[in-house]
Amino acid sequence: MGPSGFSRIKSVEQFFIQSYNSGYYEFMALIFRTIIMFLIGLETDFPYLMRNIRPASIIACGSSLGCTVFASAVTFLVFQETASHGSSFIMALMIIITLANAASPIVVRVAADLKFGTSEIGKLAISSSLIADAYAVFLLFILSEYKSTSIPKWIFFFFLYFLIVGIVIVINMYLANWLNRRNRNKKYLGNTEIFILVAILYITAMALEQLGFSSIIASFLIGSMFPRGGKAARTLLIKLTYPIHNFIFPIYFGNHGFRANITKLKNLRNFMVFCILILSSIGGKIVGTLAACFHLKIPYREGVLLSFMMNLKGHVDILALTIGLANELVTSQNFYDVMIATIIVNTLIWGPIVAFMVRRESDIIGYRQIYFESHNPETELRILTCVHSPRPVATMLGLVAASRGPREVPITPYLMHLVELPGKKKTNLMYNQREDDELSDEDDYGGNDVVEINDAMDMFTSETGLLVNQIKAVSPFSRMHADVCNTAEDIRASIVVLPFHKHQRIDGKLENGKQGIRTTNQKVLRHAPCSVAILIDRGLTAGCLNPSGSDSLQHIAILFFGGPDDREALGFSKRLGMDHHVNLTIIRFLPSSSRGQISGVNIAHKTDDVLMAIPNDEVEKETDSAILADFHSRYVATGQVGYVEKVVENGADTASALRDMAEMYSLFIVGKDGRGHSILTTGMSDWEECPELGKVGDFLASPEFDISGSVLVVQQYRPSKNDDSDDDDK
């Protein structure tokens with residue numbers, strides 16, 4: 001629509017390009033830019049940014065420094081070839097800002113669209129682009145105040161800038177907490193209250209712009225420091241995400257393309273300058289970023305992708321050119337036309353290249369399944385818990401708290417509220433109402449469950465300081481498993497925890513819920529892209545594995561019979577054993593035929609050395625023994641975890657042993673299938689009711705096994721089953 005295309009037609013040009021339009025376009029760009037950066041701050045994984053501030057800063061500094069060197073080298077040539085007048089230093093600043101800037105909104109959007117924003121490389125690219133933007137904004141301040149400000153005043157202005165931002169952040173904290181208390185019994189804040197929060201943002205942004213500052217970093221800081229727990233942040237995300245991603249983003253970046261005039265490149269000198277700037281941008285970003293990645297020992301292919309992501313433009317650089325043109329810092333229309341064309345064409349080049357690389361390098365960027373049996377418990381755990389109602393929320397959050405481990409160990413928990421969409425209403429819903437039913441005034445989907453779930457989440461966050469990301473999926477039971485699996489893949493979940501289809505009555509018995517819940521669980525077990533666990537919640541006694549603020553001790557048992565699922569359960573429990581509020585005990589069941597080969601020693605008090613004999617008759621037994629030996633040396637011998645061996649003759653002995661320990665533990669963790677057909681579980685499946693729990697899990701959930709403890713049944717990721725497809729599920 002711009003001068004490169006339809007605006008070359010006289011009537012179209014007269015409609016779009018008028019004398020008063022430039023001010024209008026700039027004002028709308030400011031409005032859009034402010035709310036975009038606020039939402040980016042609100043969505044940014046700030047704990048990750050703080051944990052990885054060093055590598056992100058090194059990558060940002062490397063790419064920015066490389067571009068600064070290249071920009072300084074070509075400034076004189078560009079100044080001469082574009083016949084510019086004014087300060088060559090100002091031109092150097094503008095070229096440095098253009099080349100060094102990494103447009104964080106575009107990086108965030110590209111990473112989200114290509115579904116690698118939650119990967120390590122995606123989050124590192126986003127963090128680095130934000131820091132590179134901060135560098136560009138700093139240079140932008142120097143550019144805008146170059147003529148009228150001395151160095152002492154610069155220092156004062158910087159102090160004033162951060163003072164204003166700090167005051168607004170504090171006001172938002174108190175205001176958000178007050179609004180959360182005021183709307184305690186409501187699902188979300190009202191539109192008037194949201195308007196007040198957004199008005200504070202815009203008043204601050206306008207005030208900073210009037211003082212000569214850029215509001216880009218201020219808007220990001222206000223968003224990133226906004227209190228995450230509570231209805232205020234939850235409502236802002238719901239209200240802002242849809243219109244910004246689907247309306248504001250396209251118009252904001254479309255405006256940049258509208259301003260570019262590619263026809264100016266017909267001039268040979270302009271085209272030469274354009275090529276020099278493109279090559280300088282590529283050279284500076286690639287050389288600087290790869291040097292930083294080499295220093296950080298980041299693999300070469302990931303470094304190349306990072307350098308391409310850092311080369312996306314169209315944010316601070318456009319603002320720098322606008323300021324330079326408005327203040328007549330460099331008087332050359334050719335220079336501005338070539339610079340804007342460089343920015344637009346550069347992004348048009350690298351956007352498709354990044355998309356191609358992401359698809360090509362799916363082995364390093366794509367979703368990687370994690371096997372807990374070999375997983376380091378000190379690396380990040382991404383856990384997706386699912387609920388259909390508020391009933392199991394407390395237990396799910398307790399499991400998240402217990403899985404947290406030490407505070408320095410990262411965990412990213414998600415809670416997904418699964419809401420059934422009745423088939424008869426499906427055809428009457430708009431697209432955005434189906435995906436985000438909160439936008440409907442009627443709030444039919446989720447009902448009062450939403451209020452109870454939100455209150456439980458807010459209380460958990462205030463007590464533990466651990467933010468749980470909320471997701472809602474509204475779909476019929478026939479497709480609900482696809483929502484769970486797709487979400488697990490999108491967030492790169494390590495494990496999915498599902499609620500059992502039965503719930504506990506007041507008398508302690510388990511009562512059947514909707515059959516659709518059980519069907520969903522069965523389909524997720526078949527198709528999930530990661531490990532899956534089913535939680536049988538037996539109420540508060542076991543359910544609330546107390547959060548960090550509680551001093552009570554929870555006793556948890558891992559029932560180990562052998563096999564991949566039991567090893568997965570053992571691996572998942574490593575983080576539980578690292579919590580000082582959890583007393584974890586491994587109970588290994590062994591057949592009586594191996595009585596002479598085992599230790600027979602109870603090492604629950606971690607004082608005696610145990611000889612771990614590794615049988616050689618089967619590969620599975622060797623693997624079991626190797627995993628147990630490693631677990632013993634790391635956790636049992638150091639006193640973190642208890643260890644007990646139970647020798648049994650058959651399934652009846654196993655059932656008897658389980659009954660004996662029924663009231664000793666608040667949570668039992670067991671693998672789904674164990675080692676398949678084993679003498680240890682012979683006869684336990686004669687009255688099997690829920691095969692999706694496995695033999696032992698089904699027995700622990702059966703009415704005849706009267707316990708007060710909850711049960712967590714774990715299944716290891718199964719590639720072969722996940723790849724199969726049922727016609728009924730399509």
# chains A, B, ... in the order shown; residues from 1 in each chain; ligands from 1
$ select_by_dssp --residues "stretch 302-384 of chain A" --states "helix (DSSP H, G or I)" --output "PyMOL selection string"
chain A and resi 302-309+316-326+333-360+362-365+372-374
$ residues_around --residues "A:Glu704" --least-positions-apart "2" --cutoff "12 Å" --atoms "only C-alpha atoms" --output "list in words"
Gly508, Lys509, Leu510, Ala655, Ser656, Leu658, Arg659, Ala662, Trp687, Glu688, Glu689, Asp698, Phe699, Leu700, Ala701, Ser702, Asp706 and Ile707 of chain A
$ write_last_selection --atoms "all heavy atoms" --output "tab-separated table (two decimals), in the first residue's frame"
chain	number	residue	atom	x	y	z
A	508	GLY	N	-14.95	-41.47	52.18
A	508	GLY	CA	-13.63	-41.96	51.83
A	508	GLY	C	-13.60	-42.87	50.62
A	508	GLY	O	-12.52	-43.21	50.13
A	509	LYS	N	-14.76	-43.29	50.12
A	509	LYS	CA	-14.81	-44.16	48.95
A	509	LYS	C	-14.65	-43.33	47.67
A	509	LYS	O	-14.97	-42.15	47.62
A	509	LYS	CB	-16.14	-44.93	48.92
A	509	LYS	CG	-16.40	-45.78	50.16
A	509	LYS	CD	-15.36	-46.89	50.30
A	509	LYS	CE	-15.66	-47.77	51.50
A	509	LYS	NZ	-14.66	-48.85	51.67
A	510	LEU	N	-14.15	-44.00	46.64
A	510	LEU	CA	-13.99	-43.34	45.34
A	510	LEU	C	-15.25	-43.51	44.51
A	510	LEU	O	-15.77	-44.61	44.37
A	510	LEU	CB	-12.78	-43.91	44.60
A	510	LEU	CG	-11.41	-43.62	45.21
A	510	LEU	CD1	-10.30	-44.29	44.40
A	510	LEU	CD2	-11.14	-42.12	45.29
A	655	ALA	N	0.26	-57.83	47.74
A	655	ALA	CA	-0.93	-57.13	48.21
A	655	ALA	C	-0.94	-57.00	49.72
A	655	ALA	O	-1.30	-55.95	50.27
A	655	ALA	CB	-2.18	-57.86	47.73
A	656	SER	N	-0.52	-58.06	50.40
A	656	SER	CA	-0.46	-58.02	51.86
A	656	SER	C	0.55	-56.98	52.35
A	656	SER	O	0.29	-56.24	53.30
A	656	SER	CB	-0.10	-59.41	52.39
A	656	SER	OG	0.02	-59.39	53.79
A	658	LEU	N	1.49	-54.33	50.78
A	658	LEU	CA	0.96	-52.99	50.50
A	658	LEU	C	-0.08	-52.60	51.54
A	658	LEU	O	-0.14	-51.43	51.96
A	658	LEU	CB	0.35	-52.95	49.10
A	658	LEU	CG	1.32	-53.06	47.92
A	658	LEU	CD1	0.57	-53.15	46.60
A	658	LEU	CD2	2.28	-51.86	47.89
A	659	ARG	N	-0.90	-53.56	51.99
A	659	ARG	CA	-1.89	-53.26	53.02
A	659	ARG	C	-1.21	-52.89	54.33
A	659	ARG	O	-1.70	-52.03	55.07
A	659	ARG	CB	-2.82	-54.46	53.22
A	659	ARG	CG	-3.80	-54.70	52.06
A	659	ARG	CD	-4.86	-55.72	52.44
A	659	ARG	NE	-5.76	-56.00	51.32
A	659	ARG	CZ	-5.61	-56.96	50.45
A	659	ARG	NH1	-4.57	-57.79	50.56
A	659	ARG	NH2	-6.47	-57.13	49.47
A	662	ALA	N	-0.29	-49.24	54.34
A	662	ALA	CA	-1.33	-48.37	53.79
A	662	ALA	C	-1.41	-47.02	54.48
A	662	ALA	O	-1.60	-45.98	53.84
A	662	ALA	CB	-2.69	-49.07	53.87
A	687	TRP	N	-9.15	-59.08	39.05
A	687	TRP	CA	-10.34	-58.23	39.12
A	687	TRP	C	-9.99	-56.80	38.70
A	687	TRP	O	-10.47	-55.84	39.25
A	687	TRP	CB	-10.91	-58.23	40.55
A	687	TRP	CG	-11.37	-59.58	40.98
A	687	TRP	CD1	-12.58	-60.17	40.74
A	687	TRP	CD2	-10.61	-60.54	41.74
A	687	TRP	NE1	-12.63	-61.42	41.28
A	687	TRP	CE2	-11.44	-61.68	41.92
A	687	TRP	CE3	-9.34	-60.56	42.30
A	687	TRP	CZ2	-11.02	-62.81	42.62
A	687	TRP	CZ3	-8.92	-61.67	42.99
A	687	TRP	CH2	-9.75	-62.79	43.14
A	688	GLU	N	-9.17	-56.71	37.68
A	688	GLU	CA	-8.69	-55.40	37.25
A	688	GLU	C	-9.84	-54.55	36.73
A	688	GLU	O	-10.63	-54.97	35.89
A	688	GLU	CB	-7.63	-55.59	36.15
A	688	GLU	CG	-6.89	-54.31	35.80
A	688	GLU	CD	-5.77	-54.58	34.81
A	688	GLU	OE1	-6.03	-55.27	33.80
A	688	GLU	OE2	-4.66	-54.09	35.03
A	689	GLU	N	-9.94	-53.33	37.23
A	689	GLU	CA	-11.01	-52.41	36.85
A	689	GLU	C	-10.51	-51.30	35.94
A	689	GLU	O	-11.21	-50.87	35.03
A	689	GLU	CB	-11.64	-51.80	38.11
A	689	GLU	CG	-12.82	-50.90	37.82
A	689	GLU	CD	-13.40	-50.29	39.08
A	689	GLU	OE1	-12.93	-50.63	40.19
A	689	GLU	OE2	-14.32	-49.46	38.97
A	698	ASP	N	-3.87	-50.08	39.81
A	698	ASP	CA	-5.28	-50.43	39.90
A	698	ASP	C	-5.63	-50.99	41.27
A	698	ASP	O	-6.69	-50.70	41.82
A	698	ASP	CB	-5.62	-51.45	38.81
A	698	ASP	CG	-7.07	-51.85	38.83
A	698	ASP	OD1	-7.92	-51.01	38.52
A	698	ASP	OD2	-7.36	-53.02	39.17
A	699	PHE	N	-4.71	-51.79	41.85
A	699	PHE	CA	-4.95	-52.33	43.19
A	699	PHE	C	-4.99	-51.21	44.23
A	699	PHE	O	-5.85	-51.20	45.12
A	699	PHE	CB	-3.86	-53.35	43.54
A	699	PHE	CG	-3.97	-53.91	44.93
A	699	PHE	CD1	-4.92	-54.87	45.24
A	699	PHE	CD2	-3.14	-53.46	45.94
A	699	PHE	CE1	-5.04	-55.37	46.53
A	699	PHE	CE2	-3.24	-53.95	47.22
A	699	PHE	CZ	-4.19	-54.92	47.52
A	700	LEU	N	-4.05	-50.25	44.12
A	700	LEU	CA	-4.01	-49.15	45.08
A	700	LEU	C	-5.24	-48.25	44.97
A	700	LEU	O	-5.62	-47.59	45.94
A	700	LEU	CB	-2.75	-48.31	44.86
A	700	LEU	CG	-1.41	-49.00	45.13
A	700	LEU	CD1	-0.25	-48.10	44.75
A	700	LEU	CD2	-1.30	-49.39	46.60
A	701	ALA	N	-5.87	-48.21	43.78
A	701	ALA	CA	-7.06	-47.39	43.60
A	701	ALA	C	-8.35	-48.16	43.83
A	701	ALA	O	-9.43	-47.57	43.77
A	701	ALA	CB	-7.07	-46.81	42.17
A	702	SER	N	-8.26	-49.46	44.09
A	702	SER	CA	-9.45	-50.29	44.22
A	702	SER	C	-10.13	-50.06	45.58
A	702	SER	O	-9.49	-49.65	46.55
A	702	SER	CB	-9.08	-51.77	44.08
A	702	SER	OG	-8.21	-52.15	45.13
A	706	ASP	N	-8.07	-49.91	51.29
A	706	ASP	CA	-8.57	-48.75	52.03
A	706	ASP	C	-7.40	-47.98	52.62
A	706	ASP	O	-6.86	-48.34	53.66
A	706	ASP	CB	-9.53	-49.22	53.13
A	706	ASP	CG	-10.23	-48.05	53.79
A	706	ASP	OD1	-10.20	-46.95	53.21
A	706	ASP	OD2	-10.78	-48.22	54.90
A	707	ILE	N	-7.00	-46.90	51.95
A	707	ILE	CA	-5.92	-46.06	52.45
A	707	ILE	C	-6.34	-44.61	52.38
A	707	ILE	O	-7.31	-44.25	51.71
A	707	ILE	CB	-4.62	-46.24	51.63
A	707	ILE	CG1	-4.85	-45.83	50.16
A	707	ILE	CG2	-4.10	-47.65	51.71
A	707	ILE	CD1	-3.58	-45.78	49.34
$ closest_residue --among "A:Gly223, A:Gly671, A:Gly117, A:Gly314" --to "A:Arg567" --atoms "only C-alpha atoms"
A:Gly671
$ residues_around --residues "A:His256" --least-positions-apart "3" --cutoff "9 Å" --atoms "only C-alpha atoms" --output "ChimeraX atom specification"
/A:251-253,259-260,314-315,318,340,343-344
